[in-house]
>>> print(open('my_file_4.txt').read())   # compact mmCIF, C-alpha atoms and all ligand atoms
# COMPACT_ATOMS: atom_id res chain seq x y z
CA MET K 1 -32.64 17.94 18.04
CA SER K 2 -30.36 15.23 16.73
CA ASN K 3 -29.43 12.55 19.13
CA ASN K 4 -26.72 11.28 16.86
CA GLN K 5 -23.80 12.12 19.10
CA VAL K 6 -21.00 9.62 18.68
CA HIS K 7 -17.95 10.50 20.70
CA ALA K 8 -14.59 8.79 20.54
CA THR K 9 -14.38 8.29 24.25
CA ASP K 10 -13.41 4.69 23.69
CA THR K 11 -11.38 4.54 20.48
CA MET K 12 -10.50 0.90 21.16
CA ASN K 13 -13.99 -0.11 20.11
CA LEU K 14 -13.88 1.59 16.72
CA ASN K 15 -13.40 -0.72 13.79
CA ILE K 16 -11.21 -0.15 10.75
CA PRO K 17 -11.72 -2.21 7.57
CA ILE K 18 -8.49 -3.92 6.48
CA ALA K 19 -7.43 -4.24 2.84
CA ILE K 20 -4.55 -6.49 1.78
CA SER K 21 -2.15 -4.99 -0.75
CA ALA K 22 -0.53 -7.55 -3.02
CA ARG K 23 2.79 -6.60 -4.60
CA HIS K 24 2.31 -3.85 -7.17
CA CYS K 25 3.98 -1.08 -9.09
CA HIS K 26 3.24 2.64 -9.48
CA VAL K 27 4.83 4.25 -12.52
CA ASN K 28 5.62 7.65 -13.93
CA GLU K 29 4.67 8.33 -17.54
CA GLU K 30 8.16 8.11 -18.96
CA ASP K 31 8.85 4.70 -17.40
CA PHE K 32 5.40 3.40 -18.40
CA TYR K 33 5.91 4.20 -22.08
CA HIS K 34 9.44 2.77 -21.98
CA LEU K 35 8.12 -0.50 -20.54
CA PHE K 36 4.88 -0.84 -22.48
CA GLY K 37 5.39 1.21 -25.63
CA ARG K 38 4.19 4.62 -26.84
CA GLU K 39 0.81 3.25 -27.85
CA ALA K 40 0.03 1.91 -24.37
CA ILE K 41 -2.67 3.58 -22.29
CA LEU K 42 -2.79 3.40 -18.49
CA GLN K 43 -6.48 2.60 -18.11
CA ASN K 44 -8.81 1.91 -15.22
CA TRP K 45 -9.39 -1.85 -15.33
CA LYS K 46 -10.60 -2.25 -11.75
CA GLU K 47 -11.41 0.46 -9.22
CA LEU K 48 -9.53 0.31 -5.93
CA SER K 49 -11.15 1.32 -2.69
CA GLN K 50 -9.31 4.63 -2.30
CA PRO K 51 -11.01 7.21 -4.56
CA GLY K 52 -9.23 7.76 -7.89
CA GLN K 53 -6.91 4.77 -7.51
CA PHE K 54 -7.19 1.86 -9.93
CA ALA K 55 -5.60 -1.38 -11.10
CA SER K 56 -4.63 -1.38 -14.77
CA GLN K 57 -4.47 -4.35 -17.15
CA HIS K 58 -0.71 -3.92 -17.43
CA ILE K 59 1.64 -6.30 -15.68
CA LEU K 60 5.42 -6.57 -15.65
CA THR K 61 8.23 -8.70 -14.25
CA ILE K 62 10.47 -7.48 -11.44
CA LYS K 63 13.97 -8.90 -11.20
CA GLY K 64 16.60 -8.88 -8.48
CA PRO K 65 20.02 -10.55 -8.11
CA ARG K 66 18.54 -13.85 -6.87
CA GLY K 67 15.26 -14.20 -8.69
CA GLN K 68 12.34 -12.63 -10.47
CA ILE K 69 8.59 -12.30 -9.96
CA ASP K 70 6.16 -12.17 -12.89
CA ASN K 71 2.70 -10.62 -13.17
CA VAL K 72 3.27 -7.58 -10.96
CA ARG K 73 0.34 -5.27 -11.61
CA ILE K 74 0.63 -1.61 -12.51
CA LEU K 75 -1.65 0.67 -10.50
CA GLY K 76 -2.81 4.07 -11.66
CA PRO K 77 -2.95 6.98 -11.97
CA PHE K 78 0.59 8.02 -12.91
CA ARG K 79 2.93 9.12 -10.14
CA THR K 80 5.87 11.49 -10.32
CA GLU K 81 8.22 8.63 -9.37
CA THR K 82 8.07 4.94 -10.17
CA GLN K 83 7.63 2.88 -7.00
CA VAL K 84 7.46 -0.88 -6.52
CA GLU K 85 5.92 -2.28 -3.33
CA ILE K 86 6.66 -5.87 -2.33
CA SER K 87 6.58 -8.02 0.81
CA GLN K 88 9.56 -9.25 2.83
CA THR K 89 8.91 -12.72 1.41
CA ASP K 90 9.19 -11.29 -2.12
CA ALA K 91 12.40 -9.49 -1.12
CA ILE K 92 14.02 -12.77 -0.07
CA LYS K 93 13.02 -14.39 -3.36
CA LEU K 94 14.45 -11.46 -5.34
CA GLY K 95 17.59 -11.23 -3.20
CA VAL K 96 17.07 -7.58 -2.27
CA THR K 97 16.79 -5.61 0.97
CA PRO K 98 14.23 -2.83 0.51
CA PRO K 99 13.48 -0.54 3.45
CA ILE K 100 10.08 -0.43 5.15
CA ARG K 101 8.77 2.96 4.10
CA MET K 102 5.73 5.14 3.60
CA SER K 103 4.63 5.44 -0.01
CA GLY K 104 6.57 8.20 -1.78
CA ASP K 105 9.56 8.10 0.58
CA LEU K 106 12.03 6.66 -1.92
CA ASP K 107 15.32 8.35 -1.07
CA ARG K 108 17.99 5.61 -0.86
CA SER K 109 15.40 2.87 -1.26
CA GLU K 110 16.37 -0.41 -3.00
CA SER K 111 17.20 -0.85 -6.69
CA ILE K 112 15.12 -3.09 -8.95
CA THR K 113 14.94 -4.15 -12.60
CA LEU K 114 11.57 -3.82 -14.35
CA ILE K 115 10.86 -5.93 -17.42
CA GLY K 116 7.90 -4.95 -19.59
CA PRO K 117 6.76 -6.28 -22.98
CA HIS K 118 8.38 -3.32 -24.74
CA GLY K 119 11.46 -2.50 -22.66
CA ILE K 120 13.63 -3.06 -19.60
CA LEU K 121 14.48 -0.50 -16.94
CA HIS K 122 17.00 -0.66 -14.15
CA LYS K 123 15.83 1.66 -11.36
CA LYS K 124 18.54 2.73 -8.90
CA GLN K 125 15.83 3.25 -6.28
CA GLY K 126 12.08 2.87 -5.92
CA LEU K 127 11.69 -0.57 -4.32
CA ILE K 128 10.13 -0.54 -0.84
CA ILE K 129 8.15 -2.64 1.58
CA ALA K 130 5.15 -0.49 2.42
CA GLN K 131 4.76 0.42 6.07
CA ALA K 132 1.33 -0.66 7.35
CA HIS K 133 -0.88 2.42 7.35
CA ILE K 134 -4.44 3.65 7.83
CA HIS K 135 -6.09 5.94 5.30
CA MET K 136 -8.55 8.30 6.96
CA ALA K 137 -10.79 11.16 5.96
CA VAL K 138 -10.61 14.28 8.13
CA SER K 139 -13.83 13.32 9.91
CA ASP K 140 -12.41 9.87 10.78
CA ALA K 141 -9.33 11.51 12.26
CA ALA K 142 -11.59 13.47 14.59
CA THR K 143 -13.49 10.32 15.53
CA PHE K 144 -10.30 8.41 16.29
CA ASN K 145 -8.63 11.46 17.85
CA VAL K 146 -5.44 11.06 15.80
CA GLN K 147 -3.19 13.35 13.75
CA ASP K 148 -1.67 12.87 10.31
CA LYS K 149 1.49 10.70 10.52
CA GLU K 150 0.65 9.59 14.06
CA ILE K 151 1.98 6.13 14.90
CA VAL K 152 -0.59 3.76 16.37
CA THR K 153 -1.05 0.07 17.11
CA VAL K 154 -3.78 -1.95 15.44
CA GLU K 155 -5.20 -5.12 16.94
CA ILE K 156 -6.18 -7.59 14.22
CA SER K 157 -8.49 -10.35 15.26
CA GLY K 158 -8.57 -13.06 12.63
CA LYS K 159 -10.66 -16.17 13.07
CA VAL K 160 -7.70 -18.24 14.17
CA ARG K 161 -5.06 -15.71 15.19
CA GLN K 162 -4.98 -12.41 16.97
CA LEU K 163 -2.09 -10.03 16.70
CA GLN K 164 -1.16 -6.44 17.35
CA LEU K 165 0.67 -4.62 14.60
CA MET K 166 2.75 -1.75 15.92
CA ASN K 167 4.25 1.19 14.02
CA VAL K 168 1.15 1.68 11.92
CA VAL K 169 1.13 5.18 10.45
CA VAL K 170 -2.05 7.26 10.12
CA ARG K 171 -2.53 9.16 6.84
CA ILE K 172 -5.25 11.80 6.71
CA SER K 173 -6.62 13.36 3.55
CA PRO K 174 -10.00 14.57 2.28
CA GLU K 175 -9.36 12.16 -0.63
CA PHE K 176 -9.21 9.07 1.58
CA ILE K 177 -11.81 6.70 2.91
CA LEU K 178 -11.25 4.80 6.15
CA GLU K 179 -9.15 1.69 5.49
CA MET K 180 -6.03 0.02 6.82
CA HIS K 181 -3.54 -1.33 4.27
CA VAL K 182 -1.36 -4.28 5.15
CA ASP K 183 0.85 -6.35 2.86
CA THR K 184 0.47 -10.07 2.21
CA ASP K 185 3.02 -11.06 4.86
CA GLU K 186 1.17 -9.10 7.52
CA ALA K 187 -2.18 -10.53 6.41
CA ASN K 188 -0.78 -14.06 6.41
CA ALA K 189 0.73 -13.57 9.86
CA ALA K 190 -2.73 -12.69 11.13
CA ALA K 191 -4.35 -15.43 8.99
CA ILE K 192 -6.85 -12.94 7.59
CA HIS K 193 -8.42 -12.72 4.15
CA THR K 194 -10.94 -10.16 2.95
CA HIS K 195 -13.43 -8.23 5.11
CA SER K 196 -11.31 -8.29 8.25
CA ILE K 197 -11.31 -5.44 10.71
CA GLY K 198 -8.78 -3.91 13.07
CA LYS K 199 -9.09 -1.91 16.23
CA LEU K 200 -6.98 1.20 16.66
CA ILE K 201 -5.03 1.53 19.87
CA LYS K 202 -3.51 4.93 20.56
CA MET K 203 0.06 4.96 21.85
CA GLU K 204 0.54 6.77 25.14
ZN ZN J 1 -2.55 2.60 1.24
>>> encode(input="my_file_4.txt", output="structure tokens")
Amino acid sequence: MSNNQVHATDTMNLNIPIAISARHCHVNEEDFYHLFGREAILQNWKELSQPGQFASQHILTIKGPRGQIDNVRILGPFRTETQVEISQTDAIKLGVTPPIRMSGDLDRSESITLIGPHGILHKKQGLIIAQAHIHMAVSDAATFNVQDKEIVTVEISGKVRQLQLMNVVVRISPEFILEMHVDTDEANAAAIHTHSIGKLIKME
């Protein structure tokens, strides 16, 4: 008999690794070739923690009415729609007001100009600030007793600051491994770097 019975009777004690997402860009094929040229190849330069996701060697400049930011990395693989994810601090620098959204929810999101080595694109929409979220496998969801798209709170205990981040959305997929994604503003607010953990708090 196995004695390995771990029940989620106290979900507040279960730890979630936190990864910090720097500003980045997902692209569709058409936009990628326009920006980088027909000969360009979207290649895996560095594996990301979520299976199948990778950073490429390609970088571009994003430009808004007030300013621009260079060296924004393209992540792969290709998506059906080009999507740029920045922080609120970036938005102020660019002079734009992107909505806080889940990845892929781009309807009436903010416009942005993309400048690559081969071409320039003005996107009418596609710029967002990513809503803090937790990737989970199906087995994790059972452990934490949460549903896909459930809104939870996560307590982040940095060495010098502790904070609770509300409105964190749970995303469940067999493709995911357990990890919370926050942007650089959220990480800085909590004064965390790499290898931090959060504790999930279910909303009543
Ligand atoms: Zn994510």
>>> atom_distance(input="my_file_4.txt", atom1="CA of Asn44 (chain K)", atom2="CA of Val72 (chain K)")
15.9 Å
>>> residues_near_ligand(input="my_file_4.txt", ligand="ligand ZN 1 (chain J)", cutoff="9 Å", atoms="all atoms listed in the file", output="list in words")
Ala19, Ser21, Gln50, Met102, Ser103, Ala130, Ala132, His133, Ile134, His135, Arg171, Glu179, Met180, His181 and Val182 of chain K
>>> closest_residue(input="my_file_4.txt", among="K:Asp185, K:His24, K:Gly119, K:Ala191", to="Gly37 (chain K)", atoms="only C-alpha atoms")
K:Gly119
>>> closest_residue(input="my_file_4.txt", among="K:Val170, K:Leu200, K:Leu163, K:Leu127", to="Asp90 (chain K)", atoms="only C-alpha atoms")
K:Leu127
>>> atom_distance(input="my_file_4.txt", atom1="CA of Glu186 (chain K)", atom2="CA of Pro65 (chain K)")
24.5 Å
>>> residues_around(input="my_file_4.txt", residues="region 79-89 of chain K", least_positions_apart="2", cutoff="7 Å", atoms="all atoms listed in the file", output="JSON, numbers by chain")
{"K": [23, 24, 25, 26, 27, 28, 77, 91, 92, 93, 126, 127, 128, 129, 130, 183, 184, 185]}
>>> residues_around(input="my_file_4.txt", residues="Arg66 (chain K)", least_positions_apart="2", cutoff="7 Å", atoms="only C-alpha atoms", output="list in words")
Gly64, Lys93, Leu94 and Gly95 of chain K
>>> closest_residue(input="my_file_4.txt", among="K:Asn188, K:Ser157, K:Thr113, K:Gln131", to="Ile62 (chain K)", atoms="only C-alpha atoms")
K:Thr113
>>> atom_distance(input="my_file_4.txt", atom1="CA of Ala40 (chain K)", atom2="CA of Lys123 (chain K)")
20.5 Å
>>> closest_residue(input="my_file_4.txt", among="K:Arg38, K:His58, K:Arg161, K:Lys63", to="Ile120 (chain K)", atoms="only C-alpha atoms")
K:Lys63
>>> closest_residue(input="my_file_4.txt", among="K:Pro51, K:His193, K:Ile41, K:Lys202", to="Val168 (chain K)", atoms="all atoms listed in the file")
K:Lys202
>>> closest_residue(input="my_file_4.txt", among="K:Leu165, K:Ile151, K:Ile74, K:Val146", to="Leu35 (chain K)", atoms="all atoms listed in the file")
K:Ile74
>>> residues_around(input="my_file_4.txt", residues="Ser173 (chain K)", least_positions_apart="4", cutoff="10 Å", atoms="only C-alpha atoms", output="list of chain:residue names")
K:His135, K:Met136, K:Ala137, K:Val138, K:Ser139, K:Asp140, K:Ala141, K:Asp148, K:Ile177
>>> axis_aligned_box(input="my_file_4.txt", around="region 138-150 of chain K", padding_each_side="5 Å", output="JSON")
{"center_x": -6.2, "center_y": 11.3, "center_z": 13.0, "size_x": 25.3, "size_y": 15.9, "size_z": 19.7}
>>> decode(input="my_file_4.txt", residues="region 175-203 of chain K", atoms="N, CA, C and O atoms", output="short mmCIF file (atom, residue, chain, number, x, y, z; two decimals), in the first residue's frame")
data_model
loop_
_atom_site.label_atom_id
_atom_site.label_comp_id
_atom_site.auth_asym_id
_atom_site.auth_seq_id
_atom_site.Cartn_x
_atom_site.Cartn_y
_atom_site.Cartn_z
N GLU K 175 -0.52 20.81 -21.13
CA GLU K 175 0.75 21.30 -21.67
C GLU K 175 1.56 22.10 -20.65
O GLU K 175 2.74 22.38 -20.87
N PHE K 176 0.92 22.50 -19.55
CA PHE K 176 1.57 23.43 -18.62
C PHE K 176 2.30 22.71 -17.50
O PHE K 176 1.93 21.60 -17.11
N ILE K 177 3.31 23.39 -16.96
CA ILE K 177 3.87 22.98 -15.67
C ILE K 177 3.59 24.10 -14.67
O ILE K 177 3.39 25.25 -15.05
N LEU K 178 3.56 23.74 -13.40
CA LEU K 178 3.14 24.67 -12.36
C LEU K 178 4.10 25.85 -12.25
O LEU K 178 5.29 25.68 -11.94
N GLU K 179 3.56 27.06 -12.49
CA GLU K 179 4.40 28.27 -12.43
C GLU K 179 3.50 29.50 -12.50
O GLU K 179 2.59 29.56 -13.31
N MET K 180 3.80 30.46 -11.64
CA MET K 180 3.11 31.75 -11.71
C MET K 180 3.94 32.71 -12.55
O MET K 180 5.16 32.74 -12.43
N HIS K 181 3.27 33.49 -13.40
CA HIS K 181 3.96 34.49 -14.21
C HIS K 181 3.53 35.88 -13.78
O HIS K 181 2.34 36.22 -13.81
N VAL K 182 4.51 36.67 -13.37
CA VAL K 182 4.26 38.07 -13.05
C VAL K 182 5.13 38.93 -13.97
O VAL K 182 6.12 38.44 -14.53
N ASP K 183 4.76 40.20 -14.14
CA ASP K 183 5.61 41.06 -14.96
C ASP K 183 6.64 41.76 -14.07
O ASP K 183 6.68 41.56 -12.85
N THR K 184 7.49 42.56 -14.69
CA THR K 184 8.61 43.16 -13.95
C THR K 184 8.12 44.16 -12.90
O THR K 184 8.74 44.29 -11.83
N ASP K 185 7.02 44.86 -13.18
CA ASP K 185 6.50 45.78 -12.17
C ASP K 185 6.03 45.03 -10.92
O ASP K 185 6.28 45.47 -9.79
N GLU K 186 5.34 43.92 -11.16
CA GLU K 186 4.84 43.14 -10.02
C GLU K 186 6.00 42.53 -9.23
O GLU K 186 5.98 42.53 -7.98
N ALA K 187 7.01 42.04 -9.95
CA ALA K 187 8.18 41.48 -9.27
C ALA K 187 8.92 42.55 -8.48
O ALA K 187 9.34 42.33 -7.34
N ASN K 188 9.06 43.73 -9.07
CA ASN K 188 9.75 44.82 -8.38
C ASN K 188 8.96 45.28 -7.16
O ASN K 188 9.55 45.64 -6.13
N ALA K 189 7.65 45.31 -7.27
CA ALA K 189 6.82 45.71 -6.13
C ALA K 189 7.04 44.77 -4.95
O ALA K 189 7.01 45.19 -3.80
N ALA K 190 7.26 43.49 -5.26
CA ALA K 190 7.48 42.51 -4.20
C ALA K 190 8.97 42.35 -3.87
O ALA K 190 9.32 41.60 -2.98
N ALA K 191 9.81 43.08 -4.60
CA ALA K 191 11.28 43.00 -4.42
C ALA K 191 11.77 41.57 -4.54
O ALA K 191 12.60 41.12 -3.74
N ILE K 192 11.25 40.83 -5.52
CA ILE K 192 11.71 39.47 -5.74
C ILE K 192 12.56 39.38 -7.00
O ILE K 192 12.47 40.23 -7.89
N HIS K 193 13.39 38.34 -7.04
CA HIS K 193 14.20 38.08 -8.23
C HIS K 193 13.83 36.68 -8.71
O HIS K 193 12.67 36.36 -8.82
N THR K 194 14.82 35.84 -8.95
CA THR K 194 14.50 34.48 -9.39
C THR K 194 14.27 33.57 -8.19
O THR K 194 14.62 33.90 -7.06
N HIS K 195 13.68 32.43 -8.44
CA HIS K 195 13.47 31.37 -7.45
C HIS K 195 12.60 31.81 -6.26
O HIS K 195 12.80 31.34 -5.14
N SER K 196 11.68 32.72 -6.52
CA SER K 196 10.74 33.07 -5.46
C SER K 196 9.52 32.15 -5.54
O SER K 196 9.27 31.53 -6.57
N ILE K 197 8.79 32.09 -4.46
CA ILE K 197 7.58 31.27 -4.46
C ILE K 197 6.40 32.08 -3.95
O ILE K 197 6.55 33.05 -3.21
N GLY K 198 5.22 31.64 -4.36
CA GLY K 198 3.98 32.25 -3.89
C GLY K 198 3.09 31.20 -3.27
O GLY K 198 3.27 30.00 -3.50
N LYS K 199 2.17 31.68 -2.46
CA LYS K 199 1.19 30.77 -1.86
C LYS K 199 -0.20 31.15 -2.35
O LYS K 199 -0.60 32.31 -2.26
N LEU K 200 -0.90 30.16 -2.86
CA LEU K 200 -2.23 30.39 -3.42
C LEU K 200 -3.26 30.51 -2.30
O LEU K 200 -3.29 29.69 -1.39
N ILE K 201 -4.08 31.54 -2.41
CA ILE K 201 -5.17 31.72 -1.45
C ILE K 201 -6.47 31.73 -2.25
O ILE K 201 -6.67 32.57 -3.14
N LYS K 202 -7.32 30.77 -1.99
CA LYS K 202 -8.60 30.70 -2.70
C LYS K 202 -9.53 31.82 -2.23
O LYS K 202 -9.57 32.15 -1.06
N MET K 203 -10.27 32.41 -3.19
CA MET K 203 -11.24 33.44 -2.82
C MET K 203 -12.52 32.74 -2.38
O MET K 203 -12.91 31.72 -2.93
#
